[in-house]
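First the structure, in the form of structure tokens, and then the observations on it.
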Amino acid sequence: MHNVILNKDRVDDFISQLAAFRTVAAPVSKGHGSFSFESVTSAEEIAMRYVPTILPPKKYFMPQRETLLEFDFGERSVVEAIADLDAITLFGVHTCDLAAIQCLNMVFSERPKDYHYLLRKQHIDIIGLECNIYCDEYANCASMNTYLPAGGYDLFFSDLGDYFIVDIATQRGEEIVGKGAMFAEASDLHLSALRELRENKKAIFSNELPIAPKKIADLFDRSFGSNVWKDLQERCLACGNCTTVCPTCYCFDIRDEINLNLTSGRRYRVWDSCQLEPFAKVAGGENFRKERSARQRHRYYRKFRYPLDRYGRFFCTGCGRCSRTCMASILLKETIKALVKESEAKIWKGWL
Amino acid sequence: MERLVIDNSYYMVRKARILRVEQLGETEKLFELTLSSGQSLDHEPGQFIMVSLLGIGESPISIASAPNGKGSFDLCVRAAGKVTTYLHTLGEGAEISIRGPYGNGFPLRVLRGNDLLIIAGGLGIAPLRSLINYVIDNRRDFGKMHILLGCKSPQDMLFKNDIATWTQRSDVHFACTIDRAAPDWAGNVGVITTLIPGVDIEPERTVAAVVGPPVMYHFVIKELLAKHIPENRIMMSFERHMKCGVGKCGRCQFQHLYCCKDGPVFFYDGIKNLSEAL
């Protein structure tokens, strides 16, 4: 509940000391302007300024493939629900991704609780990192109000030139800081520098969408039959990239696998995508979202409309990953813009 | 890496033993099951379970029997996918796994005291059988019960023993029809909607329960509304692909609703404007 500072020349000491105790995962440059959360042992591997990673940190909370049950029909017939957990410290999580983790937490702690997720979450420490400026033109974090920290971390780093100011939010965060003697208590001067950073950010970050966030629910209520979805259908390749890289997409498939001995095996879950054709198909052949337009629409409503009622917040965090990764250049900001434009045109028509 | 065993995982399965298998239709079999632990399944009519064949997969299946006090329960399974096809190869005494029961089931507290108009198409009779037999077991608690059943052909008619009972009982009105005339069939011919106009109901005290293939609902609902049954007194049970059964995996979602958790039983007025519902 207080702030400390860490001089930039001590960051490497901090990371290597952390890495001595447990796995530290942080954004690493992969070339071509891409970044990825990977385990690191020193600060020089870390990209302190980065565009949101290809895959979001959800890969640690909800691994792409995660064993749920193990079974053995051998002499001793056993079925067990298990979780294989790694203790991890995530370093450098942007505020958009912190918001996304909060979304996932809501989903998996809603009853009935998913203990596979919740136990894994307990094994992860989170160190956030502030964006002082936009990462790139795809982000819409101001519209989703995720460009400022709003909890969900143990420690939070803000870059103030020669040093980071670190918000210690939890006892766990206190323990992490306590391990190193490289931190110093923040003074009023540091705190006012942080306030100044936040004020400056308010000038830099402004609503990227042509609609006030509180009117988005209404826009979507009016847009279910929109032609915009038909336009997306013409372009969408139904590859599922957008949902794979989305930090709040959590849909999954459950599959079984038998070992070579034919007596034991496991049941696991893997990421799935509502954009793929068989997602909503039943065994009898009926497909309840056969059209790509319906599947794209479903994705947008799962970010901007449905969660408002169920969880009281948008499930878009404005990270921009879906737009950045789309092979057909389906851009989230453009889609919203098109919806607004169409909706306004309809309203005008009503007037004339 | 640390391995934890999770005691209260909702993915954990319970063992169930097959007590009896009966061939009901060309591709449908009835499985009477009991939990190996001796516990009762403790389900409500209209709920479903995940049939879980470890090493093969899971499939959501409606419970076709009313809670019977014996601790056993029935599933009516059409061999359609991997899990159901394998299940069809199993016989009496075999052990499978299950999860559940899941879903809301038919809202009995609302149904009590009302007349019921039950409309089943094909395999839709399976979840409705749990309701019908529940009503028969608690006959005084409900008003009149009309059962309308539509099948493709006489061979596709499932639960012939139950149908014989329902036909005989004086406190049940049962009528059925087949889609196309067949040589050994002396009964009604035509789609299920042809039976609806002739049913003598008091719309203000009737609740309709409709389960069948998606295409059936549109036509049946139209007829029910023509009979002046209010929109908030028409129930339907939906079929969806499901993986988790508890509202997480997203497979069964249509618009903001999860079929597994918010359903599978929905009232018409709640879903009539949801384009992905049917």
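Chain labels run A, B, ... following the order of the structure tokens; each chain numbers its residues from 1, and ligands are numbered from 1 in the order shown.
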
Distance query Gly128 of chain A at most 9 Å, only C-alpha atoms, self and fewer than 2 positions along chain excluded, as a PyMOL selection string: chain A and resi 90-95+97-98+126+130+149+152-158

Pick out the chain B residues within 8 Å of chain A. Count only C-alpha atoms. Give them as a PyMOL selection string. chain B and resi 1-13+54-57+80-81+239-241+243-244+246+248-252+255-256+276-278

Keeping only C-alpha atoms, write those residues as a PDB file, in the first residue's frame.
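And here's selection_24.pdb as it stands now:
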ATOM      1  CA  MET B   1       6.382 -28.222 -11.385  1.00  0.00           C
ATOM      2  CA  GLU B   2       4.039 -29.049  -8.565  1.00  0.00           C
ATOM      3  CA  ARG B   3       1.145 -31.472  -8.952  1.00  0.00           C
ATOM      4  CA  LEU B   4      -2.024 -30.936  -6.977  1.00  0.00           C
ATOM      5  CA  VAL B   5      -4.994 -33.283  -6.776  1.00  0.00           C
ATOM      6  CA  ILE B   6      -8.205 -31.286  -6.875  1.00  0.00           C
ATOM      7  CA  ASP B   7     -10.968 -32.743  -4.714  1.00  0.00           C
ATOM      8  CA  ASN B   8     -13.768 -30.490  -5.819  1.00  0.00           C
ATOM      9  CA  SER B   9     -13.127 -30.183  -9.545  1.00  0.00           C
ATOM     10  CA  TYR B  10     -16.339 -30.096 -11.533  1.00  0.00           C
ATOM     11  CA  TYR B  11     -14.599 -32.133 -14.197  1.00  0.00           C
ATOM     12  CA  MET B  12     -14.374 -35.066 -11.796  1.00  0.00           C
ATOM     13  CA  VAL B  13     -16.564 -37.941 -12.884  1.00  0.00           C
ATOM     14  CA  LEU B  54     -12.732 -41.807 -20.237  1.00  0.00           C
ATOM     15  CA  GLY B  55     -10.377 -42.017 -23.155  1.00  0.00           C
ATOM     16  CA  ILE B  56     -13.119 -41.270 -25.662  1.00  0.00           C
ATOM     17  CA  GLY B  57     -14.891 -38.135 -24.549  1.00  0.00           C
ATOM     18  CA  ALA B  80     -24.610 -39.997 -33.619  1.00  0.00           C
ATOM     19  CA  GLY B  81     -21.078 -39.122 -32.553  1.00  0.00           C
ATOM     20  CA  GLU B 239     -29.988 -29.001 -27.864  1.00  0.00           C
ATOM     21  CA  ARG B 240     -26.465 -27.628 -28.057  1.00  0.00           C
ATOM     22  CA  HIS B 241     -22.931 -28.882 -28.264  1.00  0.00           C
ATOM     23  CA  LYS B 243     -18.064 -29.364 -23.343  1.00  0.00           C
ATOM     24  CA  CYS B 244     -18.079 -28.234 -19.721  1.00  0.00           C
ATOM     25  CA  VAL B 246     -21.335 -25.431 -16.284  1.00  0.00           C
ATOM     26  CA  LYS B 248     -17.644 -21.724 -19.058  1.00  0.00           C
ATOM     27  CA  CYS B 249     -16.524 -23.363 -22.296  1.00  0.00           C
ATOM     28  CA  GLY B 250     -18.764 -21.203 -24.506  1.00  0.00           C
ATOM     29  CA  ARG B 251     -19.880 -23.987 -26.828  1.00  0.00           C
ATOM     30  CA  CYS B 252     -23.575 -23.871 -25.999  1.00  0.00           C
ATOM     31  CA  GLN B 255     -26.379 -14.588 -27.565  1.00  0.00           C
ATOM     32  CA  HIS B 256     -26.022 -13.926 -23.837  1.00  0.00           C
ATOM     33  CA  GLU B 276     -29.397 -17.755 -32.638  1.00  0.00           C
ATOM     34  CA  ALA B 277     -31.800 -19.611 -30.368  1.00  0.00           C
ATOM     35  CA  LEU B 278     -33.181 -21.837 -33.101  1.00  0.00           C
TER      36      LEU B 278
END

Shell around His88 of chain B at 10 Å using only C-alpha atoms, local window under 5 positions removed, as a list of chain:residue names: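 Returned residues: B:Val21, B:Gln23, B:Thr27, B:Glu28, B:Lys29, B:Leu30, B:Phe31, B:Val77, B:Arg78, B:Ala79, B:Val83.
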
Looking at B:Thr206, B:Ser72, B:Ser153, B:Gln253, which one is nearest to Glu231 of chain B, with distances taken over only C-alpha atoms?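 When distances to Glu231 of chain B are compared using only C-alpha atoms, the smallest one comes from B:Thr206.
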
What does the distance between atom CA of Leu219 of chain A and atom CA of Glu342 of chain A come to in Å, to one decimal place? 10.1 Å

In segment 130-287 of chain A, DSSP strand (DSSP E or B) residues written as number ranges by chain: A: 155-159, 163-168, 184-185, 252-258, 264-271, 281, 287

Since we have the selection now, will you write its residues out, keeping C-alpha atoms, as a compact mmCIF listing (two decimals), in the first residue's frame?
# COMPACT_ATOMS: atom_id res chain seq x y z
CA LEU A 155 3.59 -4.67 -7.88
CA PHE A 156 3.21 -2.01 -10.51
CA PHE A 157 6.14 -0.30 -12.25
CA SER A 158 5.90 3.17 -13.78
CA ASP A 159 8.80 4.53 -15.77
CA TYR A 163 13.97 5.20 -12.16
CA PHE A 164 10.75 3.21 -11.79
CA ILE A 165 8.25 4.09 -9.13
CA VAL A 166 6.73 0.88 -7.81
CA ASP A 167 3.27 0.61 -6.30
CA ILE A 168 3.19 -2.19 -3.76
CA ALA A 184 14.19 2.94 -1.71
CA GLU A 185 11.11 4.51 -0.19
CA PHE A 252 -12.29 -24.25 -24.73
CA ASP A 253 -12.69 -27.76 -26.01
CA ILE A 254 -12.22 -30.85 -23.85
CA ARG A 255 -10.47 -33.86 -25.33
CA ASP A 256 -9.30 -37.27 -24.22
CA GLU A 257 -6.01 -38.95 -24.94
CA ILE A 258 -5.03 -42.55 -24.30
CA SER A 264 -4.18 -44.96 -18.91
CA GLY A 265 -4.59 -41.50 -20.27
CA ARG A 266 -5.81 -38.01 -19.61
CA ARG A 267 -8.58 -35.56 -20.28
CA TYR A 268 -7.41 -32.07 -21.13
CA ARG A 269 -8.80 -28.77 -22.26
CA VAL A 270 -7.47 -26.77 -25.18
CA TRP A 271 -8.29 -23.29 -26.42
CA LYS A 281 -22.50 -27.62 -34.40
CA ASN A 287 -25.07 -25.58 -36.75

Which value, in Å to one decimal, gives the distance between atom CA of Pro27 of chain A and atom CA of Ala47 of chain A?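 That distance, rounded to one decimal, is 5.6 Å.
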
Pick out the residues sitting within 12 Å of Arg112 of chain B, and hand them over as a list of chain:residue names; count only C-alpha atoms, and ignore anything fewer than 5 positions along from it in its own chain. B:Phe106, B:Pro107, B:Leu131, B:Tyr134, B:Val135, B:Asn138, B:Arg139, B:Arg140, B:Asp141, B:Phe142, B:Gly143, B:Lys144, B:Met145, B:Arg205, B:Thr206, B:Val207

Written selection (C-alpha atoms) as a short mmCIF file (atom, residue, chain, number, x, y, z; two decimals), in the first residue's frame:
data_model
loop_
_atom_site.label_atom_id
_atom_site.label_comp_id
_atom_site.auth_asym_id
_atom_site.auth_seq_id
_atom_site.Cartn_x
_atom_site.Cartn_y
_atom_site.Cartn_z
CA PHE B 106 -38.58 -28.05 -16.18
CA PRO B 107 -39.74 -25.52 -13.56
CA LEU B 131 -41.61 -34.82 -17.09
CA TYR B 134 -43.03 -37.30 -13.02
CA VAL B 135 -46.54 -35.94 -13.54
CA ASN B 138 -47.57 -37.12 -8.76
CA ARG B 139 -50.80 -37.11 -10.70
CA ARG B 140 -52.95 -35.15 -8.21
CA ASP B 141 -50.54 -32.19 -8.26
CA PHE B 142 -51.19 -31.41 -11.91
CA GLY B 143 -54.23 -30.72 -14.06
CA LYS B 144 -54.96 -32.36 -17.37
CA MET B 145 -52.07 -33.77 -19.36
CA ARG B 205 -54.43 -22.64 -17.35
CA THR B 206 -52.23 -24.59 -19.74
CA VAL B 207 -48.45 -24.72 -19.97
#

With DSSP run on the backbone, what are the alpha helix (DSSP H) residues within segment 106-162 of chain A? I'd like them as a list in words. Met106, Val107, Phe108, Ser109, Tyr115, His116, Tyr117, Leu118, Leu119, Arg120, Lys121 and Gln122 of chain A

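The space between atom CA of Ser293 of chain A and atom CA of Gly240 of chain A spans 13.4 Å.
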
List as number ranges by chain the protein and nucleic acid residues near segment 170-181 of chain B, meaning an atom at most 12 Å away when only C-alpha atoms are counted, but skip any in the same chain fewer than 6 places from it. B: 115-122, 125, 132-133, 135-140, 142-158, 160, 162-164, 187-196, 198-201

Tell me, as a short mmCIF file (atom, residue, chain, number, x, y, z; two decimals) with N, CA and C atoms, in the first residue's frame, which residues lie within 8 Å of segment 99-105 of chain A, counting only C-alpha atoms; anything in the same chain fewer than 6 positions away does not count.
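Contents of part-v6.cif, freshly written:
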data_model
loop_
_atom_site.label_atom_id
_atom_site.label_comp_id
_atom_site.auth_asym_id
_atom_site.auth_seq_id
_atom_site.Cartn_x
_atom_site.Cartn_y
_atom_site.Cartn_z
N PRO A 57 -0.98 -12.77 -21.54
CA PRO A 57 -0.58 -13.57 -20.36
C PRO A 57 -1.59 -14.65 -19.99
N LYS A 58 -2.73 -14.69 -20.66
CA LYS A 58 -3.69 -15.77 -20.35
C LYS A 58 -3.05 -17.13 -20.52
N LEU A 118 -8.29 -21.46 -10.64
CA LEU A 118 -8.06 -20.68 -9.42
C LEU A 118 -6.78 -21.09 -8.70
N THR A 146 -8.71 1.29 -19.80
CA THR A 146 -7.72 0.36 -19.22
C THR A 146 -6.31 0.91 -19.35
N ALA A 150 -5.63 -0.28 -12.55
CA ALA A 150 -6.83 -0.40 -11.72
C ALA A 150 -6.80 -1.72 -10.97
N GLY A 152 -5.26 -5.56 -9.62
CA GLY A 152 -4.98 -6.80 -10.31
C GLY A 152 -3.50 -7.14 -10.38
N PRO A 247 -7.01 -11.48 -25.07
CA PRO A 247 -6.68 -11.79 -23.67
C PRO A 247 -7.88 -12.19 -22.83
N THR A 248 -9.11 -11.98 -23.35
CA THR A 248 -10.27 -12.38 -22.56
C THR A 248 -11.09 -13.48 -23.22
N TYR A 250 -11.83 -17.16 -23.66
CA TYR A 250 -11.46 -18.32 -22.84
C TYR A 250 -12.20 -19.58 -23.26
N PHE A 315 -15.52 -6.80 -22.02
CA PHE A 315 -14.46 -7.80 -22.07
C PHE A 315 -13.46 -7.48 -23.17
N CYS A 316 -13.58 -6.30 -23.77
CA CYS A 316 -12.51 -5.78 -24.63
C CYS A 316 -11.63 -4.95 -23.71
N THR A 317 -10.33 -5.14 -23.82
CA THR A 317 -9.43 -4.36 -22.97
C THR A 317 -8.68 -3.32 -23.80
#

Using only C-alpha atoms, pick whichever of B:Leu257, B:Val220, B:Ile229, B:Ala208 has the shortest atom-to-atom distance to Val110 of chain B. B:Ala208

Find the spatial neighbours of Phe267 of chain B, counting only C-alpha atoms, within a cut-off of 8 Å - ignore same-chain residues fewer than 3 positions away - and output them as a PDB file with C-alpha atoms, in the first residue's frame.
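Listed below is the output, around-v5.pdb:
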ATOM      1  CA  GLU B 231     -45.846 -16.715 -24.705  1.00  0.00           C
ATOM      2  CA  ASN B 232     -44.650 -17.046 -21.126  1.00  0.00           C
ATOM      3  CA  ARG B 233     -46.343 -20.425 -20.817  1.00  0.00           C
ATOM      4  CA  ILE B 234     -44.579 -22.161 -23.692  1.00  0.00           C
ATOM      5  CA  MET B 235     -41.464 -24.066 -22.618  1.00  0.00           C
ATOM      6  CA  MET B 236     -38.824 -25.515 -24.873  1.00  0.00           C
ATOM      7  CA  GLY B 270     -37.486 -15.064 -23.046  1.00  0.00           C
ATOM      8  CA  ILE B 271     -35.860 -16.236 -26.264  1.00  0.00           C
TER       9      ILE B 271
END
